[in-house]
file coords35.txt (compact mmCIF, C-alpha atoms)
# COMPACT_ATOMS: atom_id res chain seq x y z
CA MET A 18 -134.38 -36.88 -83.45
CA VAL A 19 -132.47 -38.89 -86.05
CA THR A 20 -131.17 -42.30 -85.05
CA GLY A 21 -130.27 -45.55 -86.77
CA ALA A 22 -130.38 -46.16 -90.52
CA VAL A 23 -131.36 -43.34 -92.86
CA ALA A 24 -134.78 -43.87 -94.41
CA PRO A 25 -135.96 -42.08 -97.57
CA LEU A 26 -138.33 -39.18 -97.10
CA THR A 27 -140.89 -40.87 -99.30
CA SER A 28 -141.83 -43.14 -96.38
CA ASN A 29 -144.47 -41.18 -94.46
CA PRO A 30 -142.98 -37.82 -95.58
CA PRO A 31 -144.65 -35.40 -93.12
CA THR A 32 -143.57 -37.22 -89.95
CA ARG A 33 -140.15 -38.09 -91.32
CA VAL A 34 -139.47 -34.56 -92.55
CA ILE A 35 -140.62 -32.97 -89.29
CA ASN A 36 -138.31 -35.26 -87.32
CA LEU A 37 -135.37 -34.36 -89.55
CA ILE A 38 -136.06 -30.64 -89.30
CA GLN A 39 -136.25 -30.92 -85.53
CA GLY A 40 -132.95 -32.81 -85.64
CA LEU A 41 -131.25 -29.70 -87.06
CA ALA A 42 -131.52 -28.04 -83.67
CA TYR A 43 -129.40 -30.64 -81.88
CA GLU A 44 -125.65 -30.85 -82.29
CA GLU A 45 -125.58 -34.67 -82.20
CA THR A 46 -128.14 -35.02 -85.02
CA GLN A 47 -127.62 -31.80 -86.98
CA GLU A 48 -125.11 -33.07 -89.52
CA GLN A 49 -127.05 -36.22 -90.38
CA SER A 50 -130.39 -34.41 -90.51
CA LEU A 51 -128.91 -31.80 -92.81
CA GLU A 52 -127.46 -34.43 -95.13
CA VAL A 53 -130.69 -36.43 -95.38
CA LEU A 54 -132.83 -33.34 -95.95
CA CYS A 55 -130.47 -32.14 -98.64
CA LYS A 56 -130.31 -35.45 -100.49
CA ASN A 57 -134.10 -35.87 -100.37
CA ARG A 58 -135.16 -32.25 -100.80
CA LEU A 59 -136.95 -32.98 -104.08
CA ALA A 60 -138.91 -35.90 -102.64
CA TYR A 61 -141.30 -33.73 -100.64
CA ASP A 62 -142.90 -30.79 -102.40
CA ASN A 63 -143.59 -28.74 -99.29
CA LEU A 64 -140.20 -29.12 -97.62
CA ALA A 65 -139.50 -25.42 -98.19
CA VAL A 66 -142.71 -24.40 -96.44
CA LEU A 67 -141.92 -26.58 -93.44
CA LEU A 68 -138.35 -25.25 -93.25
CA TRP A 69 -139.50 -21.64 -93.42
CA ASN A 70 -142.23 -22.03 -90.82
CA SER A 71 -140.33 -24.25 -88.38
CA PHE A 72 -139.25 -22.29 -85.32
CA GLY A 73 -135.52 -21.59 -85.27
CA THR A 74 -134.67 -23.50 -88.45
CA MET A 75 -133.59 -20.47 -90.46
CA SER A 76 -131.34 -19.40 -87.60
CA VAL A 77 -129.72 -22.83 -87.58
CA LEU A 78 -129.11 -22.77 -91.34
CA LEU A 79 -127.71 -19.24 -91.17
CA LYS A 80 -125.40 -20.24 -88.34
CA ILE A 81 -124.05 -23.13 -90.42
CA ILE A 82 -123.58 -20.90 -93.47
CA THR A 83 -121.95 -17.99 -91.67
CA SER A 84 -119.64 -20.34 -89.76
CA ALA A 85 -117.66 -20.63 -93.00
CA TYR A 86 -116.92 -16.91 -93.33
CA ARG A 87 -113.79 -16.78 -91.17
CA PRO A 88 -112.22 -20.03 -92.52
CA LEU A 89 -113.07 -18.79 -96.02
CA LEU A 90 -110.72 -15.84 -95.54
CA SER A 91 -107.92 -17.90 -94.01
CA ASP A 92 -108.06 -20.93 -96.32
CA GLY A 93 -109.05 -22.96 -93.29
CA LEU A 94 -112.11 -24.71 -94.72
CA THR A 95 -112.25 -28.45 -94.12
CA GLU A 96 -114.01 -30.79 -96.52
CA ARG A 97 -116.52 -31.69 -93.81
CA ALA A 98 -117.33 -28.02 -93.18
CA VAL A 99 -117.74 -27.34 -96.91
CA THR A 100 -120.13 -30.27 -97.21
CA GLN A 101 -122.26 -29.02 -94.32
CA VAL A 102 -122.38 -25.47 -95.67
CA CYS A 103 -123.25 -26.67 -99.17
CA ASN A 104 -126.06 -28.82 -97.75
CA ALA A 105 -127.45 -25.79 -95.89
CA ILE A 106 -127.22 -23.66 -99.04
CA ALA A 107 -129.00 -26.40 -101.01
CA LEU A 108 -131.93 -26.09 -98.59
CA PHE A 109 -131.88 -22.36 -99.31
CA GLN A 110 -132.37 -23.31 -102.96
CA SER A 111 -135.55 -25.18 -101.99
CA LEU A 112 -136.80 -21.96 -100.40
CA ALA A 113 -135.85 -19.93 -103.48
CA SER A 114 -137.63 -22.38 -105.77
CA HIS A 115 -140.93 -22.80 -103.94
CA PRO A 116 -143.68 -20.33 -104.93
CA ASN A 117 -144.87 -19.98 -101.33
CA THR A 118 -141.48 -19.19 -99.82
CA ARG A 119 -139.68 -17.38 -102.65
CA ILE A 120 -140.94 -13.87 -101.91
CA PRO A 121 -140.65 -14.13 -98.10
CA PHE A 122 -137.13 -15.49 -98.69
CA ILE A 123 -136.02 -12.43 -100.65
CA ARG A 124 -137.93 -9.96 -98.48
CA ALA A 125 -135.92 -11.32 -95.56
CA THR A 126 -132.79 -10.67 -97.72
CA MET A 127 -131.59 -14.23 -97.11
CA PRO A 128 -129.56 -14.43 -100.36
CA VAL A 129 -127.11 -11.78 -99.11
CA TYR A 130 -125.62 -14.38 -96.77
CA LEU A 131 -124.38 -16.23 -99.87
CA TYR A 132 -122.52 -13.30 -101.41
CA PRO A 133 -119.21 -13.97 -99.61
CA PHE A 134 -119.05 -17.31 -101.45
CA LEU A 135 -119.70 -15.60 -104.78
CA ASN A 136 -117.00 -13.00 -104.26
CA THR A 137 -114.06 -15.32 -103.61
CA MET A 138 -111.27 -15.24 -106.20
CA SER A 139 -110.08 -18.83 -105.86
CA ASN A 140 -111.24 -21.68 -108.08
CA GLU A 141 -109.98 -24.44 -105.81
CA ARG A 142 -112.45 -27.29 -105.27
CA SER A 143 -113.87 -26.15 -101.91
CA TYR A 144 -114.38 -22.57 -103.10
CA GLU A 145 -115.90 -23.74 -106.36
CA CYS A 146 -118.31 -26.02 -104.51
CA LEU A 147 -119.53 -23.15 -102.36
CA ARG A 148 -119.69 -20.86 -105.39
CA ILE A 149 -121.76 -23.16 -107.60
CA THR A 150 -124.15 -24.13 -104.78
CA SER A 151 -124.74 -20.45 -103.98
CA LEU A 152 -125.25 -19.65 -107.65
CA GLY A 153 -127.89 -22.40 -107.74
CA VAL A 154 -129.95 -20.43 -105.23
CA ILE A 155 -129.72 -17.20 -107.25
CA GLY A 156 -130.38 -19.12 -110.46
CA SER A 157 -133.59 -20.54 -108.97
CA LEU A 158 -134.73 -17.00 -108.23
CA ALA A 159 -133.70 -15.64 -111.63
CA LYS A 160 -135.48 -18.28 -113.68
CA VAL A 161 -138.87 -17.06 -112.42
CA GLU A 162 -140.48 -14.19 -114.31
CA ASP A 163 -141.35 -12.14 -111.25
CA PRO A 164 -140.80 -8.35 -111.26
CA GLU A 165 -140.19 -8.32 -107.50
CA VAL A 166 -137.43 -10.92 -107.83
CA ILE A 167 -135.71 -8.94 -110.59
CA GLU A 168 -136.10 -5.75 -108.57
CA TYR A 169 -134.49 -7.46 -105.60
CA LEU A 170 -131.58 -8.86 -107.62
CA LEU A 171 -130.89 -5.45 -109.15
CA SER A 172 -130.98 -3.79 -105.73
CA THR A 173 -128.22 -6.02 -104.41
CA GLN A 174 -124.68 -6.81 -105.57
CA ILE A 175 -125.66 -9.95 -107.45
CA PHE A 176 -124.93 -8.48 -110.89
CA PRO A 177 -121.24 -7.66 -110.25
CA SER A 178 -120.90 -10.84 -108.18
CA CYS A 179 -122.06 -12.92 -111.16
CA LEU A 180 -119.62 -11.10 -113.43
CA ARG A 181 -116.86 -12.05 -110.99
CA CYS A 182 -117.99 -15.69 -111.06
CA MET A 183 -117.91 -15.59 -114.86
CA GLU A 184 -114.27 -14.54 -114.64
CA VAL A 185 -112.88 -16.82 -111.93
CA GLY A 186 -115.22 -19.83 -111.81
CA LYS A 187 -114.97 -23.09 -113.67
CA THR A 188 -117.26 -24.00 -116.55
CA LEU A 189 -120.32 -24.91 -114.47
CA SER A 190 -120.07 -21.75 -112.34
CA ARG A 191 -119.59 -19.70 -115.49
CA THR A 192 -122.63 -21.34 -117.05
CA VAL A 193 -124.94 -20.64 -114.10
CA SER A 194 -123.68 -17.08 -113.51
CA THR A 195 -124.07 -16.26 -117.21
CA PHE A 196 -127.60 -17.71 -117.06
CA ILE A 197 -128.40 -15.35 -114.18
CA ILE A 198 -127.09 -12.34 -116.11
CA TYR A 199 -129.09 -13.46 -119.14
CA ARG A 200 -132.30 -13.79 -117.12
CA ILE A 201 -131.77 -10.33 -115.66
CA LEU A 202 -131.16 -8.86 -119.12
CA LEU A 203 -134.37 -10.45 -120.41
CA SER A 204 -136.35 -8.01 -118.29
CA GLU A 205 -136.63 -4.42 -119.43
CA LYS A 206 -135.49 -3.19 -116.01
CA GLY A 207 -132.48 -5.48 -116.17
CA LEU A 208 -131.52 -4.29 -119.64
CA LYS A 209 -131.90 -0.66 -118.59
CA TYR A 210 -129.78 -1.36 -115.49
CA CYS A 211 -127.01 -2.65 -117.74
CA PHE A 212 -127.03 0.41 -119.99
CA VAL A 213 -127.50 3.15 -117.38
CA LEU A 214 -123.75 3.26 -116.71
CA ALA A 215 -121.19 2.99 -119.51
CA GLU A 216 -118.79 1.23 -117.14
CA ARG A 217 -121.39 -1.44 -116.34
CA TYR A 218 -122.16 -2.09 -120.01
CA LEU A 219 -118.45 -2.23 -120.77
CA SER A 220 -117.87 -4.70 -117.92
CA VAL A 221 -120.59 -7.03 -119.20
CA SER A 222 -119.35 -6.86 -122.80
CA GLN A 223 -115.74 -7.49 -121.83
CA CYS A 224 -116.65 -10.29 -119.46
CA LEU A 225 -118.70 -12.06 -122.14
CA GLY A 226 -115.84 -11.58 -124.60
CA LYS A 227 -113.38 -13.17 -122.21
CA LEU A 228 -115.75 -16.10 -121.72
CA VAL A 229 -115.82 -16.68 -125.47
CA GLU A 230 -112.04 -16.45 -125.78
CA ASP A 231 -111.65 -18.96 -122.94
CA LEU A 232 -114.16 -21.47 -124.32
CA SER A 233 -112.88 -25.01 -123.96
CA GLU A 234 -114.30 -28.12 -125.57
CA ASP A 235 -113.02 -30.22 -122.67
CA ASP A 236 -116.29 -29.78 -120.75
CA ALA A 237 -118.66 -31.16 -123.37
CA GLU A 238 -121.55 -31.45 -120.91
CA ASN A 239 -121.74 -27.78 -119.93
CA LEU A 240 -120.38 -26.10 -123.07
CA PRO A 241 -123.70 -26.07 -125.01
CA HIS A 242 -125.49 -24.44 -122.06
CA LEU A 243 -122.71 -21.89 -121.58
CA LEU A 244 -122.76 -21.02 -125.28
CA LYS A 245 -126.55 -20.64 -125.23
CA ASN A 246 -126.36 -18.23 -122.29
CA ILE A 247 -123.53 -16.19 -123.85
CA ILE A 248 -125.43 -15.91 -127.14
CA GLY A 249 -128.60 -14.91 -125.26
CA CYS A 250 -126.76 -12.14 -123.39
CA TYR A 251 -125.19 -10.79 -126.57
CA LEU A 252 -128.53 -10.90 -128.35
CA ARG A 253 -130.20 -8.80 -125.66
CA LEU A 254 -127.33 -6.30 -125.70
CA SER A 255 -127.53 -6.11 -129.51
CA GLU A 256 -131.16 -4.99 -129.33
CA ASN A 257 -129.99 -1.56 -128.22
CA GLU A 258 -129.43 0.23 -131.52
CA ARG A 259 -127.49 3.07 -129.93
CA THR A 260 -124.71 0.81 -128.60
CA ARG A 261 -124.84 -1.87 -131.30
CA PRO A 262 -121.84 -0.55 -133.26
CA GLN A 263 -119.71 -0.59 -130.10
CA LEU A 264 -120.95 -4.08 -129.18
CA SER A 265 -119.79 -5.48 -132.50
CA SER A 266 -116.22 -4.64 -131.56
CA TYR A 267 -116.55 -6.66 -128.33
CA VAL A 268 -118.08 -9.81 -129.81
CA PRO A 269 -115.13 -12.14 -130.47
CA TRP A 270 -114.79 -13.57 -133.94
CA LYS A 271 -114.44 -16.98 -132.25
CA LEU A 272 -118.15 -17.03 -131.37
CA LEU A 273 -118.97 -17.25 -135.08
CA TYR A 274 -116.78 -20.29 -135.65
CA ARG A 275 -118.72 -23.03 -137.37
CA LYS A 276 -117.78 -25.57 -134.70
CA TYR A 277 -119.64 -23.54 -132.06
CA ALA A 278 -122.67 -23.17 -134.29
CA ASN A 279 -122.59 -26.95 -134.64
CA ILE A 280 -122.51 -27.36 -130.86
CA VAL A 281 -125.74 -25.40 -130.38
CA ARG A 282 -127.38 -26.78 -133.54
CA SER A 283 -129.27 -29.37 -131.50
CA ASP A 284 -130.94 -26.50 -129.61
CA PRO A 285 -133.24 -24.69 -132.08
CA GLU A 286 -133.72 -21.74 -129.71
CA ALA A 287 -129.98 -21.18 -129.23
CA LEU A 288 -129.29 -21.51 -132.96
CA ALA A 289 -132.09 -19.06 -133.78
CA ASP A 290 -130.65 -16.60 -131.23
CA LEU A 291 -127.21 -16.92 -132.83
CA ARG A 292 -128.66 -16.16 -136.26
CA LYS A 293 -130.53 -13.14 -134.86
CA LEU A 294 -127.33 -11.93 -133.22
CA VAL A 295 -125.40 -12.17 -136.48
CA CYS A 296 -128.23 -10.37 -138.27
CA ASN A 297 -128.21 -7.55 -135.69
CA LEU A 298 -124.46 -7.17 -135.83
CA ARG A 299 -124.49 -7.02 -139.63
CA THR A 300 -126.21 -3.67 -139.36
CA SER A 301 -123.03 -2.21 -137.90
CA LYS A 302 -120.23 -1.36 -140.30
CA SER A 303 -117.48 -2.77 -138.11
CA CYS A 304 -119.03 -6.23 -138.19
CA THR A 305 -119.86 -6.44 -141.89
CA THR A 306 -116.49 -7.90 -142.83
CA HIS A 307 -116.62 -10.39 -139.98
CA CYS A 308 -119.95 -11.77 -141.08
CA THR A 309 -119.32 -11.91 -144.81
CA ASP A 310 -115.68 -12.96 -145.20
CA GLU A 311 -115.19 -16.34 -146.83
CA PRO A 312 -114.12 -19.07 -144.40
CA PRO A 313 -110.59 -20.48 -144.61
CA THR A 314 -109.97 -22.95 -147.38
CA SER A 315 -109.64 -26.00 -145.16
CA SER A 316 -112.94 -27.91 -144.96
CA ASN A 317 -112.45 -28.37 -141.22
CA SER A 318 -111.72 -24.70 -140.54
CA PRO A 319 -114.25 -22.57 -138.74
CA GLY A 320 -116.21 -20.07 -140.76
CA PRO A 321 -118.15 -16.93 -140.00
CA SER A 322 -121.49 -17.84 -141.52
CA ILE A 323 -124.33 -19.48 -139.61
CA PRO A 324 -126.19 -21.68 -142.08

call {"tool": "encode", "arguments": {"input": "coords35.txt", "output": "structure tokens"}}
result
Amino acid sequence: MVTGAVAPLTSNPPTRVINLIQGLAYEETQEQSLEVLCKNRLAYDNLAVLLWNSFGTMSVLLKIITSAYRPLLSDGLTERAVTQVCNAIALFQSLASHPNTRIPFIRATMPVYLYPFLNTMSNERSYECLRITSLGVIGSLAKVEDPEVIEYLLSTQIFPSCLRCMEVGKTLSRTVSTFIIYRILLSEKGLKYCFVLAERYLSVSQCLGKLVEDLSEDDAENLPHLLKNIIGCYLRLSENERTRPQLSSYVPWKLLYRKYANIVRSDPEALADLRKLVCNLRTSKSCTTHCTDEPPTSSNSPGPSIP
């Protein structure tokens, strides 16, 4: 049971964490327990294991998460409800991140309960909060090089859901969803999945192109990460020689602007990927002019070369 002032989990973590987890089962302590666990989820390494193995805890978290489905459709979400659901989803991220709970988590198909939040078409604050928190769970899965995780992601609707987030989300959602697509494409199965249907490859190419056209320098914190993920996706797609000529027609000229190269210059890996991408695209006739034209005369104008 949770009563009185909130203490950090670092004080006698096992007892404190167990009490908080038990508090999830009671209506009068559920909200506070959820908030404290969420805020301190990184303070105790085995929180995910305790959550997964505690009787009834997953049912409680699922009940909190699914309680938002109906209000989600009717625009009836309150700020308090969104906060509770986001806290529950954040605990899901702990499960997705921990090596001992990750595989049981996906084998129980727990991520599918987050898909309704990924498939919304609104970018209002409450929807965006649910979207980015849910993407954090999938991102935690995708960042691990585990064939079973990739197999699971490809067997569900996460790929088209991420493409939708890239279209309707704000910069942070776009950054995380593009990262997930990139991580999937890094695997051979993921790359094959993208190319097996022309419509799927076309959707990815067009979605990336729209992201580039919509790039805004207003979000300076997330822009370098978004650019790195976009470049990484394009680079993987460009490694398919059969479709490379078609890809060159989808890569916006804007991506080669010098100002964007300057943004990723502090990241050697991203800059190297951009150079490789330009090199790959130069092999296609339709991109030769793009990569070799002289930049505009103004010294501040963007140019096509990546020095």

call {"tool": "closest_residue", "arguments": {"input": "coords35.txt", "among": "A:Asn279, A:Ser172, A:Thr95, A:Gln39", "to": "Met75 in chain A", "atoms": "only C-alpha atoms"}}
result
A:Gln39

call {"tool": "residues_around", "arguments": {"input": "coords35.txt", "residues": "Arg58 in chain A", "least_positions_apart": "6", "cutoff": "10 Å", "atoms": "only C-alpha atoms", "output": "list in words"}}
result
Leu26, Val34, Glu52, Leu64, Ala65, Ala107, Leu108, Gln110 and Ser111 of chain A

call {"tool": "residues_around", "arguments": {"input": "coords35.txt", "residues": "range 231-236 of chain A", "least_positions_apart": "6", "cutoff": "12 Å", "atoms": "all atoms listed in the file", "output": "PDB file with C-alpha atoms, in the coordinates of the input"}}
result
ATOM      1  CA  MET A 183    -117.910 -15.590-114.860  1.00  0.00           C
ATOM      2  CA  GLU A 184    -114.270 -14.540-114.640  1.00  0.00           C
ATOM      3  CA  VAL A 185    -112.880 -16.820-111.930  1.00  0.00           C
ATOM      4  CA  GLY A 186    -115.220 -19.830-111.810  1.00  0.00           C
ATOM      5  CA  LYS A 187    -114.970 -23.090-113.670  1.00  0.00           C
ATOM      6  CA  THR A 188    -117.260 -24.000-116.550  1.00  0.00           C
ATOM      7  CA  LEU A 189    -120.320 -24.910-114.470  1.00  0.00           C
ATOM      8  CA  ARG A 191    -119.590 -19.700-115.490  1.00  0.00           C
ATOM      9  CA  THR A 192    -122.630 -21.340-117.050  1.00  0.00           C
ATOM     10  CA  CYS A 224    -116.650 -10.290-119.460  1.00  0.00           C
ATOM     11  CA  LEU A 225    -118.700 -12.060-122.140  1.00  0.00           C
ATOM     12  CA  HIS A 242    -125.490 -24.440-122.060  1.00  0.00           C
ATOM     13  CA  LEU A 243    -122.710 -21.890-121.580  1.00  0.00           C
ATOM     14  CA  LEU A 244    -122.760 -21.020-125.280  1.00  0.00           C
ATOM     15  CA  ILE A 247    -123.530 -16.190-123.850  1.00  0.00           C
ATOM     16  CA  PRO A 269    -115.130 -12.140-130.470  1.00  0.00           C
ATOM     17  CA  LYS A 271    -114.440 -16.980-132.250  1.00  0.00           C
ATOM     18  CA  LEU A 272    -118.150 -17.030-131.370  1.00  0.00           C
ATOM     19  CA  TYR A 274    -116.780 -20.290-135.650  1.00  0.00           C
ATOM     20  CA  LYS A 276    -117.780 -25.570-134.700  1.00  0.00           C
ATOM     21  CA  TYR A 277    -119.640 -23.540-132.060  1.00  0.00           C
ATOM     22  CA  ILE A 280    -122.510 -27.360-130.860  1.00  0.00           C
TER      23      ILE A 280
END

call {"tool": "closest_residue", "arguments": {"input": "coords35.txt", "among": "A:Leu298, A:Leu203, A:Val129, A:Leu94", "to": "Arg142 in chain A", "atoms": "all atoms listed in the file"}}
result
A:Leu94

call {"tool": "atom_distance", "arguments": {"input": "coords35.txt", "atom1": "CA of Glu96 in chain A", "atom2": "CA of Leu78 in chain A"}}
result
17.9 Å

call {"tool": "residues_around", "arguments": {"input": "coords35.txt", "residues": "Asn136 in chain A", "least_positions_apart": "5", "cutoff": "9 Å", "atoms": "all atoms listed in the file", "output": "CSV table (one decimal) with C-alpha atoms, in the coordinates of the input"}}
result
chain,number,residue,atom,x,y,z
A,148,ARG,CA,-119.7,-20.9,-105.4
A,178,SER,CA,-120.9,-10.8,-108.2
A,179,CYS,CA,-122.1,-12.9,-111.2
A,181,ARG,CA,-116.9,-12.0,-111.0
A,182,CYS,CA,-118.0,-15.7,-111.1

call {"tool": "residues_near_point", "arguments": {"input": "coords35.txt", "point": "(-139.9, -25.3, -99.1)", "cutoff": "10 Å", "atoms": "only C-alpha atoms", "output": "PyMOL selection string"}}
result
chain A and resi 58-59+61-70+108-119

call {"tool": "atom_distance", "arguments": {"input": "coords35.txt", "atom1": "CA of Phe72 in chain A", "atom2": "CA of Thr100 in chain A"}}
result
23.9 Å
